[in-house]
Structures are given as structure tokens and as C-alpha cells.
file final22.txt (compact mmCIF, C-alpha atoms and all ligand atoms)
# COMPACT_ATOMS: atom_id res chain seq x y z
CA MET A 1 -8.33 50.70 3.97
CA SER A 2 -9.33 53.67 1.85
CA GLU A 3 -6.25 53.15 -0.32
CA LEU A 4 -7.31 49.56 -0.98
CA LYS A 5 -10.78 50.81 -1.86
CA ASN A 6 -9.08 53.05 -4.40
CA LEU A 7 -7.41 50.01 -5.93
CA LEU A 8 -10.75 48.24 -6.31
CA ALA A 9 -12.23 51.39 -7.83
CA ASN A 10 -9.27 51.60 -10.20
CA ASN A 11 -9.92 48.02 -11.20
CA ARG A 12 -13.57 48.67 -11.99
CA ALA A 13 -12.65 51.70 -14.07
CA TRP A 14 -9.97 49.73 -15.94
CA ALA A 15 -12.24 46.77 -16.67
CA THR A 16 -14.97 49.13 -17.89
CA ARG A 17 -12.54 50.97 -20.16
CA VAL A 18 -11.08 47.76 -21.65
CA GLU A 19 -14.51 46.29 -22.27
CA ARG A 20 -15.66 49.53 -23.89
CA GLU A 21 -12.61 49.64 -26.16
CA ARG A 22 -12.62 45.92 -26.93
CA PRO A 23 -16.09 44.48 -26.42
CA GLY A 24 -15.97 40.81 -25.39
CA PHE A 25 -12.31 41.03 -24.36
CA PHE A 26 -12.73 39.38 -20.96
CA SER A 27 -15.21 36.70 -21.99
CA GLY A 28 -12.80 35.77 -24.81
CA LEU A 29 -10.07 35.09 -22.26
CA THR A 30 -12.14 32.96 -19.88
CA HIS A 31 -11.76 29.66 -21.73
CA GLN A 32 -8.09 29.68 -22.62
CA GLN A 33 -4.88 31.65 -22.68
CA ARG A 34 -2.55 31.62 -25.66
CA PRO A 35 0.39 33.79 -24.70
CA LYS A 36 3.25 33.78 -27.19
CA TYR A 37 5.95 34.68 -24.69
CA LEU A 38 7.25 33.60 -21.32
CA TRP A 39 8.71 36.48 -19.31
CA ILE A 40 11.10 35.72 -16.46
CA GLY A 41 11.77 39.00 -14.69
CA CYS A 42 12.49 40.70 -11.40
CA SER A 43 9.79 41.31 -8.79
CA ASP A 44 10.78 44.99 -8.74
CA SER A 45 7.63 47.13 -8.95
CA ARG A 46 9.29 49.39 -11.51
CA VAL A 47 9.60 46.59 -14.07
CA PRO A 48 6.04 45.40 -14.79
CA ALA A 49 6.17 42.86 -17.62
CA ASN A 50 2.99 43.63 -19.55
CA GLU A 51 3.27 47.39 -19.42
CA ILE A 52 6.83 47.80 -20.65
CA ILE A 53 6.29 45.57 -23.69
CA GLY A 54 2.81 46.90 -24.39
CA LEU A 55 0.92 43.63 -24.01
CA MET A 56 -2.60 42.97 -22.75
CA PRO A 57 -3.77 40.23 -20.37
CA GLY A 58 -3.47 36.89 -22.14
CA GLU A 59 -0.41 37.83 -24.16
CA VAL A 60 2.53 37.09 -21.85
CA PHE A 61 3.05 34.28 -19.31
CA VAL A 62 5.01 35.69 -16.38
CA HIS A 63 7.33 34.46 -13.66
CA ARG A 64 8.98 37.02 -11.41
CA ASN A 65 11.29 36.74 -8.43
CA ILE A 66 13.95 38.90 -6.82
CA ALA A 67 16.80 39.38 -9.31
CA ASN A 68 15.12 37.30 -12.07
CA LEU A 69 16.89 34.08 -11.13
CA VAL A 70 16.49 30.66 -12.74
CA VAL A 71 17.74 28.30 -10.05
CA HIS A 72 18.18 24.64 -11.00
CA SER A 73 16.20 23.44 -7.98
CA ASP A 74 13.49 26.12 -7.90
CA LEU A 75 10.34 24.11 -8.60
CA ASN A 76 8.32 27.29 -8.88
CA CYS A 77 10.31 28.69 -11.80
CA LEU A 78 10.87 25.26 -13.38
CA SER A 79 7.13 24.52 -13.26
CA VAL A 80 6.45 27.80 -15.03
CA ILE A 81 8.98 26.94 -17.77
CA ASP A 82 7.55 23.42 -18.09
CA PHE A 83 3.98 24.72 -18.38
CA ALA A 84 5.03 27.42 -20.83
CA VAL A 85 6.86 24.99 -23.12
CA ASN A 86 4.75 21.86 -22.85
CA GLU A 87 1.22 23.20 -22.33
CA LEU A 88 1.19 26.69 -23.79
CA LYS A 89 3.67 25.75 -26.57
CA ILE A 90 5.53 29.03 -26.10
CA GLN A 91 8.46 29.42 -28.48
CA ASP A 92 10.11 32.53 -27.05
CA ILE A 93 11.35 32.83 -23.47
CA ILE A 94 12.61 36.23 -22.33
CA VAL A 95 14.81 36.56 -19.26
CA CYS A 96 14.71 40.24 -18.37
CA GLY A 97 16.88 41.91 -15.77
CA HIS A 98 17.16 45.58 -14.98
CA TYR A 99 19.85 48.05 -14.05
CA GLY A 100 19.63 49.23 -10.45
CA CYS A 101 18.36 45.83 -9.30
CA GLY A 102 18.39 45.80 -5.48
CA GLY A 103 18.92 42.05 -5.39
CA VAL A 104 21.94 42.25 -7.65
CA THR A 105 23.47 45.28 -5.91
CA ALA A 106 23.02 43.60 -2.51
CA ALA A 107 25.15 40.73 -3.78
CA LEU A 108 28.10 43.15 -3.95
CA ALA A 109 27.77 44.01 -0.23
CA PRO A 110 28.27 41.87 2.87
CA SER A 111 25.45 39.53 3.82
CA ALA A 112 22.98 40.74 6.46
CA GLY A 113 22.05 37.15 7.31
CA ARG A 114 18.46 37.50 6.12
CA VAL A 115 16.45 34.89 4.23
CA PHE A 116 16.85 37.18 1.24
CA ASP A 117 20.63 36.68 1.49
CA HIS A 118 20.18 32.97 0.90
CA TRP A 119 18.32 33.73 -2.32
CA ILE A 120 20.85 36.22 -3.67
CA ARG A 121 23.68 33.86 -2.81
CA HIS A 122 23.10 32.72 -6.38
CA VAL A 123 24.04 36.22 -7.55
CA ARG A 124 27.08 36.26 -5.23
CA ASP A 125 28.27 33.10 -6.94
CA ILE A 126 28.06 34.86 -10.30
CA ALA A 127 29.91 37.89 -8.90
CA LYS A 128 32.63 35.57 -7.63
CA PHE A 129 32.91 33.62 -10.86
CA TYR A 130 33.16 36.78 -13.00
CA ARG A 131 35.07 38.86 -10.43
CA SER A 132 37.70 40.04 -12.90
CA GLU A 133 35.00 41.21 -15.32
CA ILE A 134 33.31 43.18 -12.55
CA GLU A 135 36.37 44.63 -10.82
CA ILE A 136 37.59 46.39 -13.95
CA GLU A 137 34.62 48.71 -13.48
CA SER A 138 35.67 51.57 -11.19
CA SER A 139 32.44 52.63 -9.46
CA LEU A 140 30.02 50.52 -7.47
CA ASP A 141 27.28 51.65 -9.84
CA ALA A 142 29.21 50.43 -12.88
CA GLN A 143 30.03 47.16 -11.11
CA SER A 144 26.36 46.68 -10.30
CA ARG A 145 25.38 47.35 -13.93
CA LYS A 146 27.92 44.80 -15.15
CA LEU A 147 26.68 42.24 -12.64
CA CYS A 148 23.05 42.93 -13.69
CA GLU A 149 24.05 42.09 -17.28
CA LEU A 150 26.09 39.02 -16.34
CA ASN A 151 23.24 37.82 -14.16
CA VAL A 152 20.81 37.93 -17.09
CA ALA A 153 23.31 36.11 -19.26
CA VAL A 154 23.83 33.35 -16.71
CA GLN A 155 20.09 32.92 -16.15
CA VAL A 156 19.57 32.62 -19.91
CA VAL A 157 22.14 29.83 -19.93
CA HIS A 158 20.33 28.19 -17.01
CA VAL A 159 17.07 28.16 -18.99
CA ARG A 160 18.80 26.83 -22.09
CA GLU A 161 20.51 24.09 -20.09
CA SER A 162 17.43 23.08 -18.10
CA PRO A 163 16.28 19.50 -18.74
CA ILE A 164 12.92 20.87 -19.91
CA LEU A 165 14.59 22.52 -22.87
CA GLN A 166 16.52 19.37 -23.78
CA THR A 167 13.34 17.45 -24.60
CA PRO A 168 12.05 17.07 -28.20
CA SER A 169 8.94 19.11 -27.37
CA ALA A 170 11.15 22.10 -26.65
CA ARG A 171 12.75 22.04 -30.09
CA GLY A 172 12.55 25.50 -31.60
CA VAL A 173 12.27 27.31 -28.28
CA THR A 174 14.51 30.38 -28.20
CA VAL A 175 15.74 32.01 -25.00
CA HIS A 176 16.45 35.72 -25.10
CA GLY A 177 18.26 37.94 -22.58
CA TRP A 178 17.15 41.53 -22.16
CA ILE A 179 17.86 44.28 -19.68
CA TYR A 180 15.63 47.20 -18.76
CA ASP A 181 16.92 50.63 -17.83
CA LEU A 182 14.86 52.30 -15.11
CA ALA A 183 16.31 55.65 -16.19
CA ASP A 184 14.82 55.71 -19.69
CA GLY A 185 12.24 52.93 -19.74
CA LEU A 186 14.02 51.13 -22.58
CA LEU A 187 14.92 47.48 -23.07
CA ARG A 188 18.25 46.37 -24.50
CA ASP A 189 19.08 43.02 -26.08
CA LEU A 190 22.02 41.36 -24.30
CA THR A 191 22.69 38.64 -26.88
CA PRO A 192 26.34 39.69 -27.44
CA MET A 193 26.94 39.58 -23.68
CA ILE A 194 25.36 36.15 -23.48
CA ASP A 195 27.64 34.91 -26.25
CA SER A 196 30.64 36.17 -24.29
CA VAL A 197 29.46 34.33 -21.18
CA ARG A 198 29.34 31.22 -23.31
CA ALA A 199 32.94 31.91 -24.30
CA LEU A 200 33.94 32.47 -20.68
CA ALA A 201 32.37 29.19 -19.66
CA PRO A 202 33.42 26.87 -22.53
CA ASN A 203 32.19 23.76 -20.77
CA ALA A 204 28.61 24.96 -20.79
CA THR A 205 26.52 22.81 -23.10
CA VAL A 206 24.16 25.50 -24.29
CA ARG A 207 22.29 25.61 -27.57
CO CO B 1 15.48 43.74 -9.42

call {"tool": "encode", "arguments": {"input": "final22.txt", "output": "C-alpha cells", "more": "lines below"}}
Ligand code: CO
result
Amino acid sequence: MSELKNLLANNRAWATRVERERPGFFSGLTHQQRPKYLWIGCSDSRVPANEIIGLMPGEVFVHRNIANLVVHSDLNCLSVIDFAVNELKIQDIIVCGHYGCGGVTAALAPSAGRVFDHWIRHVRDIAKFYRSEIEIESSLDAQSRKLCELNVAVQVVHVRESPILQTPSARGVTVHGWIYDLADGLLRDLTPMIDSVRALAPNATVR
């Protein structure tokens, strides 16, 4: 319990500091949010959306799940995209993965039969589809890194292909694919990788 009390104390100290530095900050956010970006990232505690891109509350709309997946039938993620595009009028969607992702690495190992394994089955499908791309990497670590990148690329394509983004109201929305390196705290743009995924899957009708 004392640890949780610490969290509440941390919160009071944070709110006091923010209000001191930016008077009226919280009251300004009570009536509306106008974030410019939608972030779709991994639940991993080491990849907190706001912190790593230096944004305050109100500046980024966030959806996170294990392995930053955009599954065609996941109403949670799809509702977030719908709200971001049609209510918040967000023009930039960022799918952000990270190297060392436990969900992605687990997809390279046998299933343990857990609920979690059902979720990362989506990553196993990607590993299967791009097996030759992954197997040219010699170490498990390198294979995992490649799959982390491919996973971001595929999820970007999933967002681009989602029916929400085919509507006129989504015209002008751009979907970006980034990857975060836990080892140096830096983000990298995976656009070239995403273009190669497009080439590998020529039937994909992506914009
Ligand atoms: Co992860």
C-alpha cells in the first residue's frame, strides 16, 4: 500500500509542478482535447508514448496493446482509429514498435497455450509470411529485430487498408511507421521498410 501512496504523492507533486510552470494548464484541457497525433504502440512499460516524443497531456491520442497490433476485427483499436480520424480530425497516425518486444520475440518460440498466444498468433502469421526475410538473419536477436520491423510495417498497412481510412473524411491522413530502440532511447523511421513490404505483397491496396 505504501508504494501506491507514493504514486499518489508523485501525482500531486507533478500536478503542482505543471500548474506552477503553466498556470491554467489543467483547466484549459477540461473542455476539449485537440491532439494532433494518434499513437499506436506497444503496452511495454519502457515505451511510454508521451515521454519519448516529448508531448504533454492533450497532445497525443494513444492506443497501446501487446506488440502494437492493428487487427482487422479488434473493435478496441478500430474505435480508437475511428475516433481519432472522424472526431479529433487527426491527420498523422504513428504505428510505433520497439526492438526487444516480448510479444514479437515470443512469436519466434513455440506456443505456451496461453491467452497471450492467441493474440500474438497475428505476429506468428507475419513471421511465417516473411520467413525467408527473417531466416537470413543468423542470431535469434537479429531475427527478432527484423520481425519487430516487419511487424510495424504490416500494422501500418493494416491501418492504411482499414475501411475507416478509405472514407472521404480520412483524405489526407498519413500513416507512419516508427521503431524505438530500448538501448538508446531513439526512434527510427521505417518508411523504406514499409515500402519494401508493399513490394513483397503486391496485391495490397495501400495508399
Ligand atoms: Co513490445

call {"tool": "residues_near_ligand", "arguments": {"input": "final22.txt", "ligand": "ligand CO 1 (chain B)", "cutoff": "7 Å", "atoms": "all atoms listed in the file", "output": "list in words"}}
result
Cys42, Ser43, Asp44, Ile66, Ala67, Asn68, Gly97, His98, Gly100, Cys101, Gly102, Gly103 and Val104 of chain A

call {"tool": "residues_around", "arguments": {"input": "final22.txt", "residues": "Ile93 (chain A)", "least_positions_apart": "5", "cutoff": "9 Å", "atoms": "only C-alpha atoms", "output": "short mmCIF file (atom, residue, chain, number, x, y, z; two decimals) with C-alpha atoms, keeping the file's coordinate frame"}}
result
data_model
loop_
_atom_site.label_atom_id
_atom_site.label_comp_id
_atom_site.auth_asym_id
_atom_site.auth_seq_id
_atom_site.Cartn_x
_atom_site.Cartn_y
_atom_site.Cartn_z
CA LYS A 36 3.25 33.78 -27.19
CA TYR A 37 5.95 34.68 -24.69
CA LEU A 38 7.25 33.60 -21.32
CA TRP A 39 8.71 36.48 -19.31
CA ILE A 40 11.10 35.72 -16.46
CA ILE A 81 8.98 26.94 -17.77
CA ALA A 84 5.03 27.42 -20.83
CA VAL A 156 19.57 32.62 -19.91
CA VAL A 159 17.07 28.16 -18.99
CA VAL A 173 12.27 27.31 -28.28
CA THR A 174 14.51 30.38 -28.20
CA VAL A 175 15.74 32.01 -25.00
CA HIS A 176 16.45 35.72 -25.10
CA GLY A 177 18.26 37.94 -22.58
#

call {"tool": "atom_distance", "arguments": {"input": "final22.txt", "atom1": "CA of Arg12 (chain A)", "atom2": "CA of Met56 (chain A)"}}
result
16.4 Å

call {"tool": "atom_distance", "arguments": {"input": "final22.txt", "atom1": "CA of Val154 (chain A)", "atom2": "CA of Asp92 (chain A)"}}
result
17.2 Å

call {"tool": "residues_near_point", "arguments": {"input": "final22.txt", "point": "(15.6, 23.0, -21.5)", "cutoff": "12 Å", "atoms": "all atoms listed in the file", "output": "VMD selection string"}}
result
chain A and resid 70 72 78 to 79 81 to 82 84 to 86 91 93 156 to 175 205 to 207

call {"tool": "closest_residue", "arguments": {"input": "final22.txt", "among": "A:Ile120, A:Ser27, A:Asp184, A:Glu51", "to": "Asn65 (chain A)", "atoms": "all atoms listed in the file"}}
result
A:Ile120

call {"tool": "closest_atom_pairs", "arguments": {"input": "final22.txt", "of": "region 121-189 of chain A", "to": "region 113-117 of chain A", "cutoff": "12 Å", "atoms": "all atoms listed in the file", "output": "CSV"}}
result
residue,atom,partner,partner_atom,distance
A:Arg121,CA,A:Asp117,CA,6.0
A:His122,CA,A:Asp117,CA,9.1
A:Val123,CA,A:Asp117,CA,9.7
A:Arg124,CA,A:Asp117,CA,9.3
A:Asp125,CA,A:Asp117,CA,11.9

call {"tool": "closest_residue", "arguments": {"input": "final22.txt", "among": "A:Phe83, A:Tyr99, A:Trp14, A:Phe26", "to": "Ala142 (chain A)", "atoms": "only C-alpha atoms"}}
result
A:Tyr99

call {"tool": "atom_distance", "arguments": {"input": "final22.txt", "atom1": "CA of Arg64 (chain A)", "atom2": "CA of Pro192 (chain A)"}}
result
23.8 Å

call {"tool": "residues_around", "arguments": {"input": "final22.txt", "residues": "Thr105 (chain A)", "least_positions_apart": "4", "cutoff": "9 Å", "atoms": "all atoms listed in the file", "output": "number ranges by chain"}}
result
A: 100-101, 109, 140-141, 143-145, 147-148

call {"tool": "residues_around", "arguments": {"input": "final22.txt", "residues": "Leu29 (chain A)", "least_positions_apart": "5", "cutoff": "9 Å", "atoms": "only C-alpha atoms", "output": "PDB file with C-alpha atoms, in the coordinates of the input"}}
result
ATOM      1  CA  GLY A  24     -15.970  40.810 -25.390  1.00  0.00           C
ATOM      2  CA  ARG A  34      -2.550  31.620 -25.660  1.00  0.00           C
ATOM      3  CA  PRO A  57      -3.770  40.230 -20.370  1.00  0.00           C
ATOM      4  CA  GLY A  58      -3.470  36.890 -22.140  1.00  0.00           C
TER       5      GLY A  58
END

call {"tool": "closest_residue", "arguments": {"input": "final22.txt", "among": "A:Val47, A:Leu108, A:Leu7, A:Leu88", "to": "Tyr180 (chain A)", "atoms": "all atoms listed in the file"}}
result
A:Val47

call {"tool": "closest_residue", "arguments": {"input": "final22.txt", "among": "A:Ala106, A:Ile90, A:Cys96, A:Ser132", "to": "Ile52 (chain A)", "atoms": "all atoms listed in the file"}}
result
A:Cys96

call {"tool": "closest_residue", "arguments": {"input": "final22.txt", "among": "A:Gly185, A:Pro110, A:Gly28, A:Gly41", "to": "Ile94 (chain A)", "atoms": "all atoms listed in the file"}}
result
A:Gly41

call {"tool": "build_atoms", "arguments": {"input": "final22.txt", "residues": "region 156-179 of chain A", "atoms": "N, CA and C atoms", "output": "mmCIF file, in the coordinates of the input"}}
result
data_model
loop_
_atom_site.group_PDB
_atom_site.id
_atom_site.type_symbol
_atom_site.label_atom_id
_atom_site.label_comp_id
_atom_site.auth_asym_id
_atom_site.auth_seq_id
_atom_site.Cartn_x
_atom_site.Cartn_y
_atom_site.Cartn_z
ATOM 1 N N VAL A 156 19.933 33.104 -18.569
ATOM 2 C CA VAL A 156 19.570 32.620 -19.910
ATOM 3 C C VAL A 156 20.194 31.245 -20.146
ATOM 4 N N VAL A 157 21.462 31.122 -19.781
ATOM 5 C CA VAL A 157 22.140 29.830 -19.930
ATOM 6 C C VAL A 157 21.455 28.770 -19.071
ATOM 7 N N HIS A 158 21.037 29.153 -17.876
ATOM 8 C CA HIS A 158 20.330 28.190 -17.010
ATOM 9 C C HIS A 158 19.047 27.690 -17.672
ATOM 10 N N VAL A 159 18.301 28.599 -18.306
ATOM 11 C CA VAL A 159 17.070 28.160 -18.990
ATOM 12 C C VAL A 159 17.441 27.227 -20.141
ATOM 13 N N ARG A 160 18.421 27.646 -20.930
ATOM 14 C CA ARG A 160 18.800 26.830 -22.090
ATOM 15 C C ARG A 160 19.272 25.445 -21.683
ATOM 16 N N GLU A 161 19.957 25.379 -20.529
ATOM 17 C CA GLU A 161 20.510 24.090 -20.090
ATOM 18 C C GLU A 161 19.513 23.262 -19.287
ATOM 19 N N SER A 162 18.362 23.817 -18.957
ATOM 20 C CA SER A 162 17.430 23.080 -18.100
ATOM 21 C C SER A 162 16.950 21.826 -18.836
ATOM 22 N N PRO A 163 16.735 20.737 -18.101
ATOM 23 C CA PRO A 163 16.280 19.500 -18.740
ATOM 24 C C PRO A 163 15.023 19.696 -19.580
ATOM 25 N N ILE A 164 14.160 20.623 -19.157
ATOM 26 C CA ILE A 164 12.920 20.870 -19.910
ATOM 27 C C ILE A 164 13.245 21.253 -21.349
ATOM 28 N N LEU A 165 14.269 22.061 -21.507
ATOM 29 C CA LEU A 165 14.590 22.520 -22.870
ATOM 30 C C LEU A 165 15.405 21.505 -23.671
ATOM 31 N N GLN A 166 15.788 20.410 -23.043
ATOM 32 C CA GLN A 166 16.520 19.370 -23.780
ATOM 33 C C GLN A 166 15.571 18.352 -24.395
ATOM 34 N N THR A 167 14.284 18.434 -24.083
ATOM 35 C CA THR A 167 13.340 17.450 -24.600
ATOM 36 C C THR A 167 12.906 17.809 -26.026
ATOM 37 N N PRO A 168 12.461 16.800 -26.817
ATOM 38 C CA PRO A 168 12.050 17.070 -28.200
ATOM 39 C C PRO A 168 10.941 18.125 -28.297
ATOM 40 N N SER A 169 10.057 18.157 -27.300
ATOM 41 C CA SER A 169 8.940 19.110 -27.370
ATOM 42 C C SER A 169 9.411 20.555 -27.254
ATOM 43 N N ALA A 170 10.644 20.735 -26.789
ATOM 44 C CA ALA A 170 11.150 22.100 -26.650
ATOM 45 C C ALA A 170 11.955 22.543 -27.863
ATOM 46 N N ARG A 171 11.992 21.672 -28.892
ATOM 47 C CA ARG A 171 12.750 22.040 -30.090
ATOM 48 C C ARG A 171 12.172 23.330 -30.687
ATOM 49 N N GLY A 172 13.027 24.249 -31.012
ATOM 50 C CA GLY A 172 12.550 25.500 -31.600
ATOM 51 C C GLY A 172 12.340 26.621 -30.589
ATOM 52 N N VAL A 173 12.420 26.267 -29.300
ATOM 53 C CA VAL A 173 12.270 27.310 -28.280
ATOM 54 C C VAL A 173 13.544 28.156 -28.233
ATOM 55 N N THR A 174 13.370 29.464 -28.244
ATOM 56 C CA THR A 174 14.510 30.380 -28.200
ATOM 57 C C THR A 174 14.474 31.147 -26.884
ATOM 58 N N VAL A 175 15.648 31.283 -26.273
ATOM 59 C CA VAL A 175 15.740 32.010 -25.000
ATOM 60 C C VAL A 175 16.503 33.303 -25.234
ATOM 61 N N HIS A 176 15.871 34.399 -24.880
ATOM 62 C CA HIS A 176 16.450 35.720 -25.100
ATOM 63 C C HIS A 176 16.837 36.356 -23.765
ATOM 64 N N GLY A 177 17.852 37.211 -23.787
ATOM 65 C CA GLY A 177 18.260 37.940 -22.580
ATOM 66 C C GLY A 177 18.161 39.434 -22.809
ATOM 67 N N TRP A 178 17.338 40.090 -22.034
ATOM 68 C CA TRP A 178 17.150 41.530 -22.160
ATOM 69 C C TRP A 178 17.450 42.211 -20.832
ATOM 70 N N ILE A 179 17.731 43.507 -20.913
ATOM 71 C CA ILE A 179 17.860 44.280 -19.680
ATOM 72 C C ILE A 179 17.124 45.600 -19.844
#
